[in-house]
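Engineer: File follows, target.cif with mmCIF, C-alpha atoms; chains and numbers go by the auth columns:
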data_final
#
loop_
_atom_site.group_PDB
_atom_site.id
_atom_site.type_symbol
_atom_site.label_atom_id
_atom_site.label_comp_id
_atom_site.label_asym_id
_atom_site.label_seq_id
_atom_site.Cartn_x
_atom_site.Cartn_y
_atom_site.Cartn_z
_atom_site.B_iso_or_equiv
_atom_site.auth_seq_id
_atom_site.auth_asym_id
ATOM 1 C CA MET A 1 -21.869 1.073 18.773 0.00 1 A
ATOM 2 C CA ILE A 2 -18.317 -0.055 19.483 0.00 2 A
ATOM 3 C CA LEU A 3 -16.550 -2.837 17.552 0.00 3 A
ATOM 4 C CA ASN A 4 -12.970 -4.046 16.947 0.00 4 A
ATOM 5 C CA ASP A 5 -10.792 -3.090 19.904 0.00 5 A
ATOM 6 C CA GLY A 6 -13.224 -0.415 21.102 0.00 6 A
ATOM 7 C CA LEU A 7 -13.200 1.489 17.793 0.00 7 A
ATOM 8 C CA PRO A 8 -16.473 2.329 15.974 0.00 8 A
ATOM 9 C CA PHE A 9 -15.525 0.589 12.714 0.00 9 A
ATOM 10 C CA LYS A 10 -14.247 -2.709 11.434 0.00 10 A
ATOM 11 C CA PHE A 11 -11.226 -3.316 9.264 0.00 11 A
ATOM 12 C CA LEU A 12 -11.570 -4.986 5.863 0.00 12 A
ATOM 13 C CA GLY A 13 -8.727 -7.409 6.454 0.00 13 A
ATOM 14 C CA CYS A 14 -5.455 -8.077 8.157 0.00 14 A
ATOM 15 C CA ARG A 15 -1.873 -8.299 7.001 0.00 15 A
ATOM 16 C CA ASN A 16 -2.117 -12.025 6.217 0.00 16 A
ATOM 17 C CA GLU A 17 -5.027 -11.444 3.835 0.00 17 A
ATOM 18 C CA PHE A 18 -3.069 -8.830 1.872 0.00 18 A
ATOM 19 C CA VAL A 19 0.093 -10.921 1.665 0.00 19 A
ATOM 20 C CA ALA A 20 -1.823 -14.064 0.701 0.00 20 A
ATOM 21 C CA SER A 21 -3.666 -12.283 -2.100 0.00 21 A
ATOM 22 C CA GLY A 22 -0.415 -10.859 -3.454 0.00 22 A
ATOM 23 C CA ILE A 23 -1.458 -7.210 -3.284 0.00 23 A
ATOM 24 C CA ALA A 24 1.503 -6.192 -1.128 0.00 24 A
ATOM 25 C CA SER A 25 3.938 -7.842 -3.544 0.00 25 A
ATOM 26 C CA ARG A 26 2.275 -6.503 -6.710 0.00 26 A
ATOM 27 C CA LEU A 27 2.051 -2.835 -5.740 0.00 27 A
ATOM 28 C CA LYS A 28 5.100 -1.253 -4.136 0.00 28 A
ATOM 29 C CA PRO A 29 4.664 2.430 -3.235 0.00 29 A
ATOM 30 C CA LEU A 30 7.551 4.739 -4.134 0.00 30 A
ATOM 31 C CA PHE A 31 9.464 6.966 -1.707 0.00 31 A
ATOM 32 C CA ASP A 32 7.317 7.996 1.292 0.00 32 A
ATOM 33 C CA ARG A 33 4.009 6.725 -0.129 0.00 33 A
ATOM 34 C CA VAL A 34 1.819 4.378 1.928 0.00 34 A
ATOM 35 C CA LEU A 35 -0.979 2.140 0.582 0.00 35 A
ATOM 36 C CA ILE A 36 -3.986 2.113 2.941 0.00 36 A
ATOM 37 C CA SER A 37 -7.096 -0.049 3.137 0.00 37 A
ATOM 38 C CA LYS A 38 -9.787 2.137 4.712 0.00 38 A
ATOM 39 C CA ALA A 39 -11.956 0.670 7.455 0.00 39 A
ATOM 40 C CA GLU A 40 -15.449 -0.410 6.468 0.00 40 A
ATOM 41 C CA LYS A 41 -18.358 1.798 7.567 0.00 41 A
ATOM 42 C CA ILE A 42 -20.752 0.330 10.106 0.00 42 A
ATOM 43 C CA THR A 43 -24.210 0.786 8.569 0.00 43 A
ATOM 44 C CA THR A 44 -26.312 -1.435 10.846 0.00 44 A
ATOM 45 C CA THR A 45 -26.552 -1.908 14.596 0.00 45 A
ATOM 46 C CA LYS A 46 -26.195 -5.270 16.332 0.00 46 A
ATOM 47 C CA GLY A 47 -29.996 -5.455 16.419 0.00 47 A
ATOM 48 C CA GLY A 48 -30.160 -5.078 12.619 0.00 48 A
ATOM 49 C CA ILE A 49 -31.334 -1.452 12.475 0.00 49 A
ATOM 50 C CA MET A 50 -30.058 0.346 9.365 0.00 50 A
ATOM 51 C CA LEU A 51 -28.287 3.614 10.207 0.00 51 A
ATOM 52 C CA PRO A 52 -28.950 6.688 8.015 0.00 52 A
ATOM 53 C CA GLU A 53 -26.032 7.985 5.911 0.00 53 A
ATOM 54 C CA LYS A 54 -25.709 11.160 8.009 0.00 54 A
ATOM 55 C CA ALA A 55 -25.404 9.150 11.225 0.00 55 A
ATOM 56 C CA VAL A 56 -22.576 6.985 9.864 0.00 56 A
ATOM 57 C CA GLY A 57 -20.074 9.746 9.040 0.00 57 A
ATOM 58 C CA LYS A 58 -16.780 9.464 7.172 0.00 58 A
ATOM 59 C CA VAL A 59 -14.227 6.729 7.744 0.00 59 A
ATOM 60 C CA LEU A 60 -10.937 8.270 8.801 0.00 60 A
ATOM 61 C CA GLU A 61 -9.158 5.097 9.879 0.00 61 A
ATOM 62 C CA GLY A 62 -7.374 2.398 7.911 0.00 62 A
ATOM 63 C CA VAL A 63 -4.755 -0.338 7.836 0.00 63 A
ATOM 64 C CA VAL A 64 -1.353 -0.008 6.153 0.00 64 A
ATOM 65 C CA VAL A 65 -1.109 -2.541 3.307 0.00 65 A
ATOM 66 C CA ALA A 66 2.251 -1.552 1.771 0.00 66 A
ATOM 67 C CA VAL A 67 4.966 1.016 2.531 0.00 67 A
ATOM 68 C CA GLY A 68 7.558 2.614 0.266 0.00 68 A
ATOM 69 C CA PRO A 69 11.275 2.708 1.163 0.00 69 A
ATOM 70 C CA GLY A 70 10.922 6.200 2.683 0.00 70 A
ATOM 71 C CA ALA A 71 11.589 9.825 1.834 0.00 71 A
ATOM 72 C CA ARG A 72 15.050 10.995 0.823 0.00 72 A
ATOM 73 C CA SER A 73 17.159 13.348 2.906 0.00 73 A
ATOM 74 C CA GLN A 74 19.097 16.251 1.381 0.00 74 A
ATOM 75 C CA LYS A 75 22.127 13.939 1.184 0.00 75 A
ATOM 76 C CA GLY A 76 20.124 11.358 -0.774 0.00 76 A
ATOM 77 C CA ASP A 77 19.782 8.813 2.030 0.00 77 A
ATOM 78 C CA PHE A 78 16.441 7.135 2.684 0.00 78 A
ATOM 79 C CA ILE A 79 14.624 8.203 5.856 0.00 79 A
ATOM 80 C CA GLN A 80 13.045 5.088 7.368 0.00 80 A
ATOM 81 C CA PRO A 81 9.195 5.183 7.406 0.00 81 A
ATOM 82 C CA GLN A 82 7.517 5.313 10.824 0.00 82 A
ATOM 83 C CA VAL A 83 4.645 3.009 9.826 0.00 83 A
ATOM 84 C CA LYS A 84 4.779 -0.635 8.778 0.00 84 A
ATOM 85 C CA VAL A 85 2.395 -3.114 7.168 0.00 85 A
ATOM 86 C CA GLY A 86 -0.483 -3.941 9.486 0.00 86 A
ATOM 87 C CA ASP A 87 -0.427 -0.653 11.448 0.00 87 A
ATOM 88 C CA LYS A 88 -3.790 1.020 12.076 0.00 88 A
ATOM 89 C CA VAL A 89 -3.626 4.727 11.173 0.00 89 A
ATOM 90 C CA LEU A 90 -5.759 7.863 11.391 0.00 90 A
ATOM 91 C CA LEU A 91 -6.282 9.491 7.981 0.00 91 A
ATOM 92 C CA PRO A 92 -6.976 13.082 6.907 0.00 92 A
ATOM 93 C CA GLU A 93 -10.523 13.904 5.818 0.00 93 A
ATOM 94 C CA TYR A 94 -9.399 14.763 2.284 0.00 94 A
ATOM 95 C CA GLY A 95 -6.480 13.694 0.123 0.00 95 A
ATOM 96 C CA GLY A 96 -4.893 10.492 -1.025 0.00 96 A
ATOM 97 C CA THR A 97 -5.189 8.775 -4.385 0.00 97 A
ATOM 98 C CA LYS A 98 -7.847 6.105 -4.866 0.00 98 A
ATOM 99 C CA VAL A 99 -6.532 2.800 -6.269 0.00 99 A
ATOM 100 C CA GLU A 100 -8.666 -0.245 -7.127 0.00 100 A
ATOM 101 C CA LEU A 101 -7.022 -3.683 -7.082 0.00 101 A
ATOM 102 C CA GLU A 102 -8.830 -7.013 -7.326 0.00 102 A
ATOM 103 C CA ASP A 103 -12.232 -5.322 -6.790 0.00 103 A
ATOM 104 C CA LYS A 104 -11.045 -3.713 -3.539 0.00 104 A
ATOM 105 C CA GLU A 105 -10.510 -0.021 -2.917 0.00 105 A
ATOM 106 C CA TYR A 106 -7.228 1.295 -1.509 0.00 106 A
ATOM 107 C CA HIS A 107 -5.767 4.771 -1.062 0.00 107 A
ATOM 108 C CA LEU A 108 -2.203 6.033 -1.523 0.00 108 A
ATOM 109 C CA PHE A 109 -1.035 8.713 0.923 0.00 109 A
ATOM 110 C CA ARG A 110 2.297 10.343 1.638 0.00 110 A
ATOM 111 C CA GLU A 111 3.532 9.236 5.037 0.00 111 A
ATOM 112 C CA THR A 112 3.596 12.868 6.184 0.00 112 A
ATOM 113 C CA ASP A 113 -0.155 13.128 5.431 0.00 113 A
ATOM 114 C CA LEU A 114 -1.020 10.407 7.967 0.00 114 A
ATOM 115 C CA LEU A 115 -2.264 11.963 11.207 0.00 115 A
ATOM 116 C CA ALA A 116 -1.509 9.261 13.784 0.00 116 A
ATOM 117 C CA LYS A 117 -0.830 5.598 14.465 0.00 117 A
ATOM 118 C CA LEU A 118 -3.557 3.815 16.458 0.00 118 A
ATOM 119 C CA ASP A 119 -2.497 1.247 19.059 0.00 119 A
#
What does this structure look like when you write it as structure tokens?

Structural biologist:
Amino acid sequence: MILNDGLPFKFLGCRNEFVASGIASRLKPLFDRVLISKAEKITTTKGGIMLPEKAVGKVLEGVVVAVGPGARSQKGDFIQPQVKVGDKVLLPEYGGTKVELEDKEYHLFRETDLLAKLD
């Protein structure tokens, strides 16, 4: 089953939802940390058939909710992050720190841990 721009998952929200709820302004990641909202698993087909847990698999995609100012160079200057709020990213299978805000689950990753940006 393919949803949302040809990808087999759907995103929990968009940038406007995060800004409106104040999450992006309340939690500011430090240095090269990035706050991610993982995509929601698709557990039923369009016809309403429930998919077994093994058929669903892990969610390795998400949306950037907040970005820190960037890593520091050896001279102490900030290195600009390559992702911005609203970007869709590919995540590693393991890692990140789970954060719960307003009954929603988010994950903090270092920018260098992100695998790719999805267009």

Engineer: Between A:Val83, A:Lys104, A:Val67, A:Asp119, which has the minimum distance to Leu30 (chain A) (counting all atoms listed in the file)?

Structural biologist: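 Among the listed residues, A:Val67 lies closest to Leu30 (chain A).
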
Engineer: Which residue, A:Asp32, A:Glu100, A:Glu40, A:Asp113, has the smallest gap to Val59 (chain A) when you use all atoms listed in the file?

Structural biologist: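 That would be A:Glu40, the residue with the smallest distance to Val59 (chain A).
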
Engineer: Leaving out Gly95 (chain A) and any residue of its chain fewer than 2 positions from it, which residues lie within 9 Å of it when counting only C-alpha atoms, given as an NGL selection string?

Structural biologist: :A and (91-93 or 97 or 108-109 or 113)

Engineer: To one decimal in Å, tell me the separation between CA of Gln82 (chain A) and CA of Leu60 (chain A).

Structural biologist: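 Here the two named atoms are 18.8 Å from each other.
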
Engineer: Which residues are close to Gly62 (chain A), i.e. within 9 Å by all atoms listed in the file, leaving aside same-chain residues fewer than 6 positions away? Reply as number ranges by chain.

Structural biologist: A: 11-12, 36-40, 87-91

Engineer: Would you write out those residues with C-alpha atoms, as a PDB file, in the frame of the given file?

Structural biologist:
ATOM      1  CA  PHE A  11     -11.226  -3.316   9.264  1.00  0.00           C
ATOM      2  CA  LEU A  12     -11.570  -4.986   5.863  1.00  0.00           C
ATOM      3  CA  ILE A  36      -3.986   2.113   2.941  1.00  0.00           C
ATOM      4  CA  SER A  37      -7.096  -0.049   3.137  1.00  0.00           C
ATOM      5  CA  LYS A  38      -9.787   2.137   4.712  1.00  0.00           C
ATOM      6  CA  ALA A  39     -11.956   0.670   7.455  1.00  0.00           C
ATOM      7  CA  GLU A  40     -15.449  -0.410   6.468  1.00  0.00           C
ATOM      8  CA  ASP A  87      -0.427  -0.653  11.448  1.00  0.00           C
ATOM      9  CA  LYS A  88      -3.790   1.020  12.076  1.00  0.00           C
ATOM     10  CA  VAL A  89      -3.626   4.727  11.173  1.00  0.00           C
ATOM     11  CA  LEU A  90      -5.759   7.863  11.391  1.00  0.00           C
ATOM     12  CA  LEU A  91      -6.282   9.491   7.981  1.00  0.00           C
TER      13      LEU A  91
END

Engineer: Contacts of Phe31 (chain A) at 10 Å or less, counting only C-alpha atoms, minus same-chain residues fewer than 6 places along, as a list in words?

Structural biologist: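 My list of contacting residues is Val67, Gly68, Pro69, Gly70, Ala71, Arg72, Phe78, Ile79, Gln80, Pro81, Arg110 and Glu111 of chain A.
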
Engineer: If I take CA of Lys28 (chain A) and CA of Tyr94 (chain A), how far is one from the other in Å, to one decimal?

Structural biologist: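 Distance reported for this atom pair: 22.5 Å.
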